[in-house]
file start_38.cif (mmCIF, C-alpha atoms and all ligand atoms)
data_target
loop_
_atom_site.label_atom_id
_atom_site.label_comp_id
_atom_site.auth_asym_id
_atom_site.auth_seq_id
_atom_site.Cartn_x
_atom_site.Cartn_y
_atom_site.Cartn_z
CA MET A 5 16.84 -13.70 1.49
CA ASN A 6 13.27 -12.66 2.10
CA ASN A 7 13.13 -14.70 5.32
CA THR A 8 16.26 -12.95 6.54
CA ASN A 9 14.76 -9.57 5.72
CA HIS A 10 11.58 -10.52 7.51
CA ILE A 11 13.48 -11.61 10.61
CA ASP A 12 15.49 -8.35 10.51
CA GLU A 13 12.27 -6.39 10.22
CA CYS A 14 10.70 -8.21 13.20
CA LEU A 15 13.86 -7.81 15.29
CA GLN A 16 13.96 -4.11 14.50
CA LYS A 17 10.31 -3.68 15.61
CA LEU A 18 10.95 -5.76 18.73
CA LYS A 19 13.90 -3.53 19.58
CA GLU A 20 11.73 -0.42 19.22
CA VAL A 21 9.06 -1.92 21.49
CA GLN A 22 11.68 -2.92 24.09
CA ILE A 23 13.11 0.62 24.15
CA ALA A 24 9.62 2.13 24.42
CA LEU A 25 8.71 -0.22 27.31
CA LYS A 26 11.98 0.53 29.08
CA ASN A 27 11.38 4.27 28.77
CA LEU A 28 7.81 3.87 29.98
CA GLY A 29 9.01 1.79 32.96
CA SER A 30 11.59 4.42 33.95
CA SER A 31 9.05 7.26 33.71
CA LEU A 32 6.51 5.39 35.83
CA GLU A 33 9.13 4.53 38.42
CA ALA A 34 10.27 8.18 38.64
CA ALA A 35 6.68 9.41 38.90
CA ASN A 36 5.89 6.92 41.69
CA LYS A 37 9.02 7.91 43.66
CA GLU A 38 8.06 11.57 43.37
CA LYS A 39 4.50 10.86 44.50
CA THR A 40 5.64 8.78 47.53
CA ALA A 41 8.10 11.49 48.60
CA ALA A 42 5.41 14.15 48.22
CA VAL A 43 2.93 12.20 50.38
CA ALA A 44 5.61 11.62 53.07
CA THR A 45 6.62 15.28 53.24
CA GLY A 46 3.15 16.71 52.68
CA ARG A 47 4.31 18.86 49.79
CA LYS A 48 2.62 19.18 46.43
CA PRO A 49 4.09 16.81 43.80
CA ALA A 50 6.17 18.75 41.34
CA THR A 51 4.42 19.08 38.03
CA LYS A 52 6.60 17.97 35.16
CA LYS A 53 7.75 20.88 33.04
CA LYS A 54 6.66 20.42 29.47
CA LYS A 55 9.54 20.27 27.02
CA PRO A 56 9.12 22.90 24.34
CA ALA A 57 7.76 21.19 21.23
CA LYS A 58 10.39 20.47 18.60
CA LYS A 59 9.98 23.05 15.88
CA GLN A 60 8.61 21.33 12.82
CA ALA A 61 8.81 22.61 9.28
CA THR A 62 5.73 24.62 8.38
CA LYS A 63 3.47 23.81 5.48
CA VAL A 64 4.88 26.85 3.65
CA GLU A 65 8.47 25.60 4.10
CA LEU A 66 7.50 22.16 2.88
CA GLU A 67 5.63 23.59 -0.10
CA SER A 68 8.70 25.53 -1.12
CA LEU A 69 10.85 22.37 -0.84
CA LEU A 70 8.24 20.42 -2.81
CA SER A 71 8.41 22.85 -5.68
CA SER A 72 12.21 22.68 -5.81
CA SER A 73 13.99 20.21 -8.04
CA ASP A 74 15.86 18.90 -4.95
CA TRP A 75 12.83 16.85 -3.91
CA PRO A 76 13.10 13.59 -5.94
CA LEU A 77 10.29 12.46 -8.22
CA ALA A 78 7.99 9.62 -7.19
CA ILE A 79 7.88 8.21 -10.74
CA PRO A 80 9.84 9.11 -13.90
CA GLU A 81 7.57 11.54 -15.81
CA GLN A 82 7.47 9.35 -18.93
CA MET A 83 5.95 6.47 -16.96
CA ILE A 84 2.83 8.39 -15.91
CA CYS A 85 -0.23 7.18 -17.84
CA ASP A 86 -2.31 9.85 -19.59
CA VAL A 87 -5.69 9.32 -17.94
CA ALA A 88 -7.43 11.13 -20.79
CA SER A 89 -6.11 8.72 -23.41
CA GLU A 90 -7.90 5.42 -24.02
CA GLU A 91 -4.90 4.27 -26.05
CA ASP A 92 -2.54 4.92 -23.12
CA LYS A 93 -4.84 3.01 -20.78
CA LEU A 94 -5.01 -0.02 -23.08
CA GLU A 95 -1.24 0.07 -23.51
CA ARG A 96 -0.85 0.17 -19.72
CA ALA A 97 -3.26 -2.79 -19.41
CA GLU A 98 -1.21 -4.85 -21.85
CA GLY A 99 1.95 -4.00 -19.92
CA ILE A 100 0.30 -5.04 -16.64
CA LEU A 101 -0.82 -8.42 -17.98
CA GLU A 102 2.61 -9.12 -19.44
CA LEU A 103 4.39 -8.06 -16.27
CA ILE A 104 2.16 -9.69 -13.69
CA ILE A 105 0.89 -12.81 -15.40
CA GLY A 106 3.33 -13.16 -18.25
CA THR A 107 1.78 -16.40 -19.44
CA ASN A 108 -0.45 -17.05 -22.42
CA LEU A 109 -4.08 -16.42 -21.54
CA THR A 110 -5.46 -18.50 -24.41
CA ASP A 111 -8.37 -20.62 -23.18
CA ARG A 112 -7.87 -19.47 -19.60
CA ARG A 113 -10.76 -18.31 -17.42
CA PHE A 114 -9.58 -14.88 -16.25
CA LEU A 115 -10.88 -12.63 -13.45
CA ASP A 116 -9.61 -9.12 -12.73
CA PHE A 117 -10.58 -8.45 -9.09
CA GLY A 118 -10.75 -4.68 -8.50
CA CYS A 119 -10.61 -4.05 -12.26
CA GLY A 120 -11.22 -0.26 -12.14
CA GLU A 121 -12.29 0.78 -15.64
CA GLY A 122 -11.71 -2.73 -16.98
CA HIS A 123 -8.95 -2.21 -19.55
CA CYS A 124 -7.12 -5.39 -18.45
CA VAL A 125 -10.36 -7.36 -18.89
CA ILE A 126 -10.67 -6.13 -22.47
CA LYS A 127 -7.01 -6.90 -23.19
CA ALA A 128 -7.27 -10.40 -21.67
CA ASP A 129 -10.28 -11.04 -23.91
CA LYS A 130 -8.28 -9.90 -26.96
CA MET A 131 -5.41 -12.17 -25.86
CA GLY A 132 -7.71 -15.19 -26.22
CA ALA A 133 -9.00 -15.83 -22.69
CA LYS A 134 -11.99 -18.23 -22.71
CA THR A 135 -13.76 -16.08 -20.10
CA SER A 136 -12.69 -12.56 -19.14
CA VAL A 137 -14.50 -11.02 -16.19
CA GLY A 138 -13.89 -7.79 -14.29
CA TYR A 139 -15.19 -7.17 -10.77
CA ASP A 140 -15.06 -3.91 -8.83
CA ILE A 141 -17.22 -2.29 -6.16
CA SER A 142 -17.26 0.84 -8.28
CA ILE A 143 -17.24 0.57 -12.06
CA THR A 144 -16.52 4.01 -13.46
CA SER A 145 -16.92 3.02 -17.11
CA LYS A 146 -20.10 1.09 -17.77
CA LYS A 147 -19.11 0.17 -21.34
CA LYS A 148 -19.11 -3.63 -21.48
CA ARG A 149 -17.22 -3.96 -24.79
CA GLY A 150 -18.06 -7.68 -25.12
CA VAL A 151 -16.75 -8.64 -21.70
CA THR A 152 -18.42 -8.99 -18.29
CA ILE A 153 -17.54 -6.10 -16.02
CA THR A 154 -19.65 -6.22 -12.91
CA GLU A 155 -20.20 -4.91 -9.40
CA ASN A 156 -22.21 -8.04 -8.56
CA TRP A 157 -20.25 -10.84 -6.85
CA ASP A 158 -22.94 -13.41 -7.77
CA ASP A 159 -22.22 -12.70 -11.47
CA VAL A 160 -18.55 -13.36 -10.78
CA LYS A 161 -19.36 -16.68 -9.11
CA LYS A 162 -21.69 -17.67 -11.97
CA ASN A 163 -18.86 -17.28 -14.51
CA GLY A 164 -16.25 -19.04 -12.34
CA PRO A 165 -14.18 -20.81 -11.26
CA TYR A 166 -11.14 -19.03 -12.73
CA ASP A 167 -7.73 -20.38 -13.66
CA THR A 168 -6.11 -16.97 -13.41
CA ILE A 169 -7.15 -14.19 -11.05
CA MET A 170 -5.39 -10.85 -10.84
CA ALA A 171 -5.77 -8.20 -8.14
CA TYR A 172 -3.57 -5.38 -9.33
CA ASP A 173 -3.04 -2.59 -6.79
CA VAL A 174 -6.32 -3.41 -5.07
CA LEU A 175 -5.72 -4.91 -1.62
CA ASP A 176 -3.92 -1.82 -0.30
CA HIS A 177 -6.96 0.24 -1.34
CA ILE A 178 -9.70 -2.13 -0.32
CA GLU A 179 -13.00 -0.63 0.87
CA LYS A 180 -16.18 -2.05 2.41
CA GLU A 181 -14.36 -5.21 3.56
CA THR A 182 -10.98 -6.21 4.93
CA PRO A 183 -8.11 -7.35 2.70
CA VAL A 184 -8.48 -10.85 4.19
CA GLU A 185 -12.20 -10.93 3.33
CA ALA A 186 -11.39 -9.86 -0.24
CA LEU A 187 -8.71 -12.57 -0.48
CA LYS A 188 -11.20 -15.14 0.82
CA LYS A 189 -13.51 -14.14 -2.04
CA ILE A 190 -10.63 -14.65 -4.48
CA ARG A 191 -10.03 -18.08 -2.95
CA GLU A 192 -13.75 -18.89 -3.26
CA VAL A 193 -13.71 -18.53 -7.06
CA LEU A 194 -10.16 -19.77 -7.75
CA ALA A 195 -10.02 -23.10 -9.61
CA ASP A 196 -8.34 -25.90 -7.64
CA ASN A 197 -5.22 -25.73 -9.79
CA GLY A 198 -5.59 -21.99 -10.50
CA LYS A 199 -3.23 -19.17 -9.55
CA ALA A 200 -3.94 -15.69 -8.23
CA TYR A 201 -1.54 -12.83 -8.97
CA LEU A 202 -1.48 -10.05 -6.41
CA ARG A 203 0.29 -6.74 -6.85
CA MET A 204 0.68 -4.97 -3.52
CA HIS A 205 1.51 -1.30 -3.37
CA PRO A 206 2.43 -0.41 0.21
CA TRP A 207 1.76 2.98 1.76
CA CYS A 208 5.43 3.23 2.76
CA SER A 209 6.55 3.14 -0.89
CA ARG A 210 7.71 6.29 -2.71
CA HIS A 211 4.43 6.54 -4.68
CA GLY A 212 2.17 4.78 -2.12
CA GLY A 213 -0.02 7.90 -1.84
CA HIS A 214 -1.00 7.72 -5.55
CA LEU A 215 -0.55 11.47 -5.85
CA TYR A 216 1.79 11.42 -8.86
CA GLN A 217 -0.77 12.62 -11.45
CA LYS A 218 -0.76 16.04 -9.74
CA LEU A 219 2.09 15.85 -7.24
CA ASN A 220 4.89 13.65 -8.49
CA LYS A 221 7.13 13.88 -5.44
CA ALA A 222 8.47 10.79 -3.65
CA PHE A 223 7.09 10.04 -0.17
CA ALA A 224 5.08 13.31 -0.05
CA HIS A 225 2.23 11.40 1.64
CA LEU A 226 4.59 10.32 4.48
CA ILE A 227 5.87 13.85 5.07
CA ILE A 228 2.85 16.09 4.56
CA THR A 229 -0.34 15.47 6.53
CA GLU A 230 -3.58 14.51 4.82
CA GLU A 231 -5.11 17.84 5.93
CA GLU A 232 -2.19 19.84 4.53
CA LEU A 233 -2.35 17.89 1.27
CA ALA A 234 -6.08 18.64 1.06
CA THR A 235 -5.42 22.38 1.44
CA MET A 236 -2.91 22.06 -1.44
CA GLY A 237 -5.65 20.42 -3.56
CA HIS A 238 -4.47 16.80 -3.26
CA LYS A 239 -6.87 14.06 -2.19
CA LEU A 240 -5.66 10.66 -1.04
CA MET A 241 -7.50 7.52 -2.14
CA PRO A 242 -8.60 4.98 0.50
CA ASN A 243 -5.52 3.23 1.83
CA GLN A 244 -4.78 0.43 4.30
CA LYS A 245 -1.58 2.37 5.18
CA VAL A 246 0.70 -0.68 5.24
CA MET A 247 4.05 0.20 6.83
CA LEU A 248 5.38 -3.35 7.36
CA PRO A 249 4.71 -4.82 3.92
CA LEU A 250 6.12 -8.35 4.10
CA TYR A 251 4.79 -9.10 7.57
CA THR A 252 1.34 -7.69 6.72
CA TYR A 253 0.89 -9.25 3.28
CA ARG A 254 2.08 -12.68 4.35
CA ASN A 255 -0.44 -12.63 7.19
CA TRP A 256 -3.28 -11.58 4.88
CA ILE A 257 -2.46 -14.43 2.49
CA VAL A 258 -2.21 -17.12 5.19
CA ASN A 259 -5.34 -15.89 7.00
CA ALA A 260 -7.34 -16.15 3.77
CA GLY A 261 -6.43 -19.84 3.33
CA LEU A 262 -4.01 -19.15 0.48
CA LYS A 263 -0.37 -20.11 0.05
CA LYS A 264 2.31 -17.97 -1.57
CA ILE A 265 4.38 -19.73 -4.18
CA GLU A 266 6.22 -16.59 -5.31
CA GLU A 267 7.11 -13.29 -3.64
CA ASN A 268 8.93 -10.63 -5.66
CA ILE A 269 9.92 -7.26 -4.28
CA SER A 270 10.68 -4.31 -6.53
CA GLU A 271 12.94 -1.85 -4.76
CA THR A 272 14.45 1.61 -5.08
CA GLN A 273 16.71 2.92 -2.32
CA PRO A 274 15.32 6.25 -0.97
CA GLU A 275 17.50 9.19 -2.05
CA ALA A 276 19.88 10.85 0.45
CA PHE A 277 17.55 13.90 0.35
CA PHE A 278 15.16 12.16 2.77
CA SER A 279 17.79 11.58 5.44
CA GLN A 280 19.78 14.79 4.88
CA GLU A 281 17.11 17.49 4.48
CA LYS A 282 16.38 18.20 8.14
CA ALA A 283 12.88 19.66 7.70
CA VAL A 284 11.85 16.63 5.67
CA LEU A 285 13.49 14.07 7.96
CA ASP A 286 11.94 15.59 11.13
CA ARG A 287 8.50 15.39 9.56
CA LEU A 288 9.04 11.88 8.27
CA LEU A 289 10.02 10.66 11.73
CA SER A 290 7.32 12.47 13.67
CA LEU A 291 4.41 11.70 11.32
CA ASN A 292 5.34 8.05 11.13
CA ASN A 293 6.10 7.70 14.81
CA THR A 294 9.60 6.34 14.43
CA LYS A 295 13.08 7.32 15.59
CA GLU A 296 14.97 6.21 12.52
CA ILE A 297 14.37 6.60 8.81
CA MET A 298 12.58 3.41 7.72
CA THR A 299 14.88 2.67 4.80
CA PHE A 300 14.04 -1.04 4.73
CA GLN A 301 10.30 -0.41 4.27
CA MET A 302 10.61 2.75 2.17
CA LYS A 303 12.70 1.03 -0.49
CA MET A 304 9.84 -1.38 -1.33
CA ASN A 305 7.93 -0.05 -4.33
CA PHE A 306 5.76 -3.07 -4.94
CA VAL A 307 5.49 -6.62 -3.68
CA ASP A 308 4.10 -9.16 -6.17
CA TYR A 309 2.71 -12.52 -5.08
CA VAL A 310 1.60 -15.63 -6.89
CA VAL A 311 -0.71 -17.58 -4.60
CA ILE A 312 -2.64 -20.86 -4.75
CA LYS A 313 -5.28 -22.46 -2.55
CA ASN A 314 -3.79 -23.83 0.65
CA GLY A 315 -5.49 -27.24 0.71
C1 LIG A 401 -5.90 1.72 -7.19
S1 LIG A 401 -7.34 1.15 -7.95
C2 LIG A 401 -6.71 -0.06 -9.07
C3 LIG A 401 -7.64 -0.33 -10.20
C4 LIG A 401 -7.10 -1.28 -11.27
N1 LIG A 401 -6.73 -2.56 -10.77
C5 LIG A 401 -5.94 -0.62 -11.98
O1 LIG A 401 -4.81 -0.94 -11.71
O2 LIG A 401 -6.21 0.27 -12.79
C6 LIG A 401 -8.13 0.17 -6.69
C7 LIG A 401 -9.45 -0.42 -7.12
O3 LIG A 401 -9.94 -1.31 -6.13
C8 LIG A 401 -11.34 -1.20 -6.09
N2 LIG A 401 -11.85 -1.75 -4.83
C9 LIG A 401 -11.81 -1.20 -3.59
N3 LIG A 401 -12.41 -1.99 -2.70
C10 LIG A 401 -12.83 -3.08 -3.38
C11 LIG A 401 -13.52 -4.28 -2.98
N4 LIG A 401 -13.89 -4.49 -1.73
N5 LIG A 401 -13.81 -5.18 -3.94
C12 LIG A 401 -13.45 -4.98 -5.24
N6 LIG A 401 -12.80 -3.88 -5.66
C13 LIG A 401 -12.49 -2.94 -4.74
C14 LIG A 401 -11.58 0.28 -6.27
O4 LIG A 401 -12.91 0.59 -6.64
C15 LIG A 401 -10.56 0.63 -7.33
O5 LIG A 401 -11.09 0.51 -8.63
#
call {"tool": "encode", "arguments": {"input": "start_38.cif", "output": "structure tokens"}}
result
Amino acid sequence: MNNTNHIDECLQKLKEVQIALKNLGSSLEAANKEKTAAVATGRKPATKKKKPAKKQATKVELESLLSSSDWPLAIPEQMICDVASEEDKLERAEGILELIIGTNLTDRRFLDFGCGEGHCVIKADKMGAKTSVGYDISITSKKKRGVTITENWDDVKKNGPYDTIMAYDVLDHIEKETPVEALKKIREVLADNGKAYLRMHPWCSRHGGHLYQKLNKAFAHLIITEEELATMGHKLMPNQKVMLPLYTYRNWIVNAGLKKIEENISETQPEAFFSQEKAVLDRLLSLNNTKEIMTFQMKMNFVDYVVIKNG
């Protein structure tokens, strides 16, 4: 099923490129004809009249729509973690480990790549992991709490190799290196019979902008520009801006010398609001440089992979 979707996705892109090339060809041909005729007759080539720009919804109009209950939520309110509550964060960590890894961590050597504050590392330790290490380029909480949470890759290597590696919502937000370089690092410390669990969170998903703590509105990051969001007080985190999830992620995995053994897509169909509310649809199409609403990509909330070393 996934292969079929992938082929559909590629065919759709190919079609768009073909149309664009055809249009470009026709415009060039017309321009050349005009130029040749102008040279022959000695007259000035006609300058093309600019089409009046399509009127886009203003920031004020969008803000008013955003504050209405018509604009669907990105995430059900009850699912938003209270960032001020340590208890909530530990509960979320437990949920993540159960959902993504699901297996018993007893006696496993566990690495959380891009661990953030390290709550999953603490939980994995409590669940009986033999080694539980967290690595991140920016550790916001320096409390070690009996586990190794480090910004130093050499420390990670020293404690490895690892049977179980998790990168939860990291590769779409990777900084200072490419996603493939980060995956190569994961491969470097993965035990020969180990598995890495990757949760991908594409930009094209309904909450791909990570704005839900302050602006819990689906696809707002695809409809409102980064500058406009900034003037509304919303800051986007670094993002690889993946718009073709399956194609992109599969390439990252293969190029890092890894092999996918599982690929699971979690989906929600975008609400009719996004295709029926003209101001929103116009923005969606123009900001994302497409002629049609990208339903196939927009319905992907997350893509989860289990990968192993490829040879
Ligand atoms: C969206 S957060 C997710 C954090 C954590 N996994 C969680 O779910 O709470 C992305 C994390 O990736 C980290 N990160 C970004 N680039 C990284 C890199 N090159 N190597 C390791 N971690 C990185 C960030 O510092 C950030 O903590």
call {"tool": "residues_near_ligand", "arguments": {"input": "start_38.cif", "ligand": "ligand LIG 401 (chain A)", "cutoff": "6 Å", "atoms": "all atoms listed in the file", "output": "NGL selection string"}}
result
:A and (117-120 or 140-142 or 172-174 or 177-181)
call {"tool": "atom_distance", "arguments": {"input": "start_38.cif", "atom1": "CA of Lys218 in chain A", "atom2": "CA of Phe278 in chain A"}}
result
20.6 Å
call {"tool": "residues_around", "arguments": {"input": "start_38.cif", "residues": "Gly132 in chain A", "least_positions_apart": "3", "cutoff": "8 Å", "atoms": "only C-alpha atoms", "output": "number ranges by chain"}}
result
A: 109-112, 128-129
call {"tool": "atom_distance", "arguments": {"input": "start_38.cif", "atom1": "CA of Lys63 in chain A", "atom2": "CA of Glu232 in chain A"}}
result
7.0 Å
call {"tool": "residues_around", "arguments": {"input": "start_38.cif", "residues": "range 235-250 of chain A", "least_positions_apart": "3", "cutoff": "10 Å", "atoms": "all atoms listed in the file", "output": "compact mmCIF listing (two decimals) with C-alpha atoms, keeping the file's coordinate frame"}}
result
# COMPACT_ATOMS: atom_id res chain seq x y z
CA ASN A 6 13.27 -12.66 2.10
CA ASN A 7 13.13 -14.70 5.32
CA ASN A 9 14.76 -9.57 5.72
CA HIS A 10 11.58 -10.52 7.51
CA GLU A 13 12.27 -6.39 10.22
CA CYS A 14 10.70 -8.21 13.20
CA LYS A 17 10.31 -3.68 15.61
CA LYS A 63 3.47 23.81 5.48
CA GLU A 67 5.63 23.59 -0.10
CA VAL A 174 -6.32 -3.41 -5.07
CA LEU A 175 -5.72 -4.91 -1.62
CA ASP A 176 -3.92 -1.82 -0.30
CA HIS A 177 -6.96 0.24 -1.34
CA ILE A 178 -9.70 -2.13 -0.32
CA GLU A 179 -13.00 -0.63 0.87
CA THR A 182 -10.98 -6.21 4.93
CA PRO A 183 -8.11 -7.35 2.70
CA MET A 204 0.68 -4.97 -3.52
CA HIS A 205 1.51 -1.30 -3.37
CA PRO A 206 2.43 -0.41 0.21
CA TRP A 207 1.76 2.98 1.76
CA CYS A 208 5.43 3.23 2.76
CA SER A 209 6.55 3.14 -0.89
CA GLY A 212 2.17 4.78 -2.12
CA GLY A 213 -0.02 7.90 -1.84
CA HIS A 214 -1.00 7.72 -5.55
CA LEU A 215 -0.55 11.47 -5.85
CA TYR A 216 1.79 11.42 -8.86
CA GLN A 217 -0.77 12.62 -11.45
CA LYS A 218 -0.76 16.04 -9.74
CA LEU A 219 2.09 15.85 -7.24
CA HIS A 225 2.23 11.40 1.64
CA THR A 229 -0.34 15.47 6.53
CA GLU A 230 -3.58 14.51 4.82
CA GLU A 231 -5.11 17.84 5.93
CA GLU A 232 -2.19 19.84 4.53
CA TYR A 253 0.89 -9.25 3.28
CA ARG A 254 2.08 -12.68 4.35
CA ASN A 255 -0.44 -12.63 7.19
CA TRP A 256 -3.28 -11.58 4.88
CA GLU A 267 7.11 -13.29 -3.64
CA ILE A 269 9.92 -7.26 -4.28
CA ASN A 292 5.34 8.05 11.13
CA MET A 298 12.58 3.41 7.72
CA PHE A 300 14.04 -1.04 4.73
CA GLN A 301 10.30 -0.41 4.27
CA MET A 302 10.61 2.75 2.17
CA MET A 304 9.84 -1.38 -1.33
CA PHE A 306 5.76 -3.07 -4.94
CA VAL A 307 5.49 -6.62 -3.68
call {"tool": "atom_distance", "arguments": {"input": "start_38.cif", "atom1": "CA of Gly164 in chain A", "atom2": "CA of Leu194 in chain A"}}
result
7.7 Å
call {"tool": "residues_around", "arguments": {"input": "start_38.cif", "residues": "Lys282 in chain A", "least_positions_apart": "2", "cutoff": "12 Å", "atoms": "all atoms listed in the file", "output": "count of residues only"}}
result
19
call {"tool": "closest_residue", "arguments": {"input": "start_38.cif", "among": "A:Ser89, A:Thr272, A:Ser68, A:Asn314", "to": "Asn197 in chain A", "atoms": "only C-alpha atoms"}}
result
A:Asn314
call {"tool": "closest_residue", "arguments": {"input": "start_38.cif", "among": "A:Ile100, A:Ile190, A:Cys85, A:Ile126", "to": "Asp167 in chain A", "atoms": "all atoms listed in the file"}}
result
A:Ile190
call {"tool": "residues_around", "arguments": {"input": "start_38.cif", "residues": "Val137 in chain A", "least_positions_apart": "2", "cutoff": "6 Å", "atoms": "all atoms listed in the file", "output": "number ranges by chain"}}
result
A: 115, 152-153
call {"tool": "write_last_selection", "arguments": {"input": "start_38.cif", "atoms": "C-alpha atoms", "output": "mmCIF file, in the coordinates of the input"}}
result
data_model
loop_
_atom_site.group_PDB
_atom_site.id
_atom_site.type_symbol
_atom_site.label_atom_id
_atom_site.label_comp_id
_atom_site.auth_asym_id
_atom_site.auth_seq_id
_atom_site.Cartn_x
_atom_site.Cartn_y
_atom_site.Cartn_z
ATOM 1 C CA LEU A 115 -10.880 -12.630 -13.450
ATOM 2 C CA THR A 152 -18.420 -8.990 -18.290
ATOM 3 C CA ILE A 153 -17.540 -6.100 -16.020
#
call {"tool": "residues_around", "arguments": {"input": "start_38.cif", "residues": "Leu187 in chain A", "least_positions_apart": "6", "cutoff": "9 Å", "atoms": "all atoms listed in the file", "output": "list in words"}}
result
Leu175, Trp256, Ile257, Asn259, Ala260, Gly261 and Leu262 of chain A
call {"tool": "closest_residue", "arguments": {"input": "start_38.cif", "among": "A:Ser71, A:Glu95, A:Lys313, A:Glu155", "to": "Lys188 in chain A", "atoms": "only C-alpha atoms"}}
result
A:Lys313
call {"tool": "closest_residue", "arguments": {"input": "start_38.cif", "among": "A:Glu185, A:Glu275, A:Glu90, A:Asp116", "to": "Ile169 in chain A", "atoms": "all atoms listed in the file"}}
result
A:Asp116
call {"tool": "closest_residue", "arguments": {"input": "start_38.cif", "among": "A:Ile228, A:Asn268, A:Ala234, A:Glu296", "to": "Thr62 in chain A", "atoms": "only C-alpha atoms"}}
result
A:Ile228
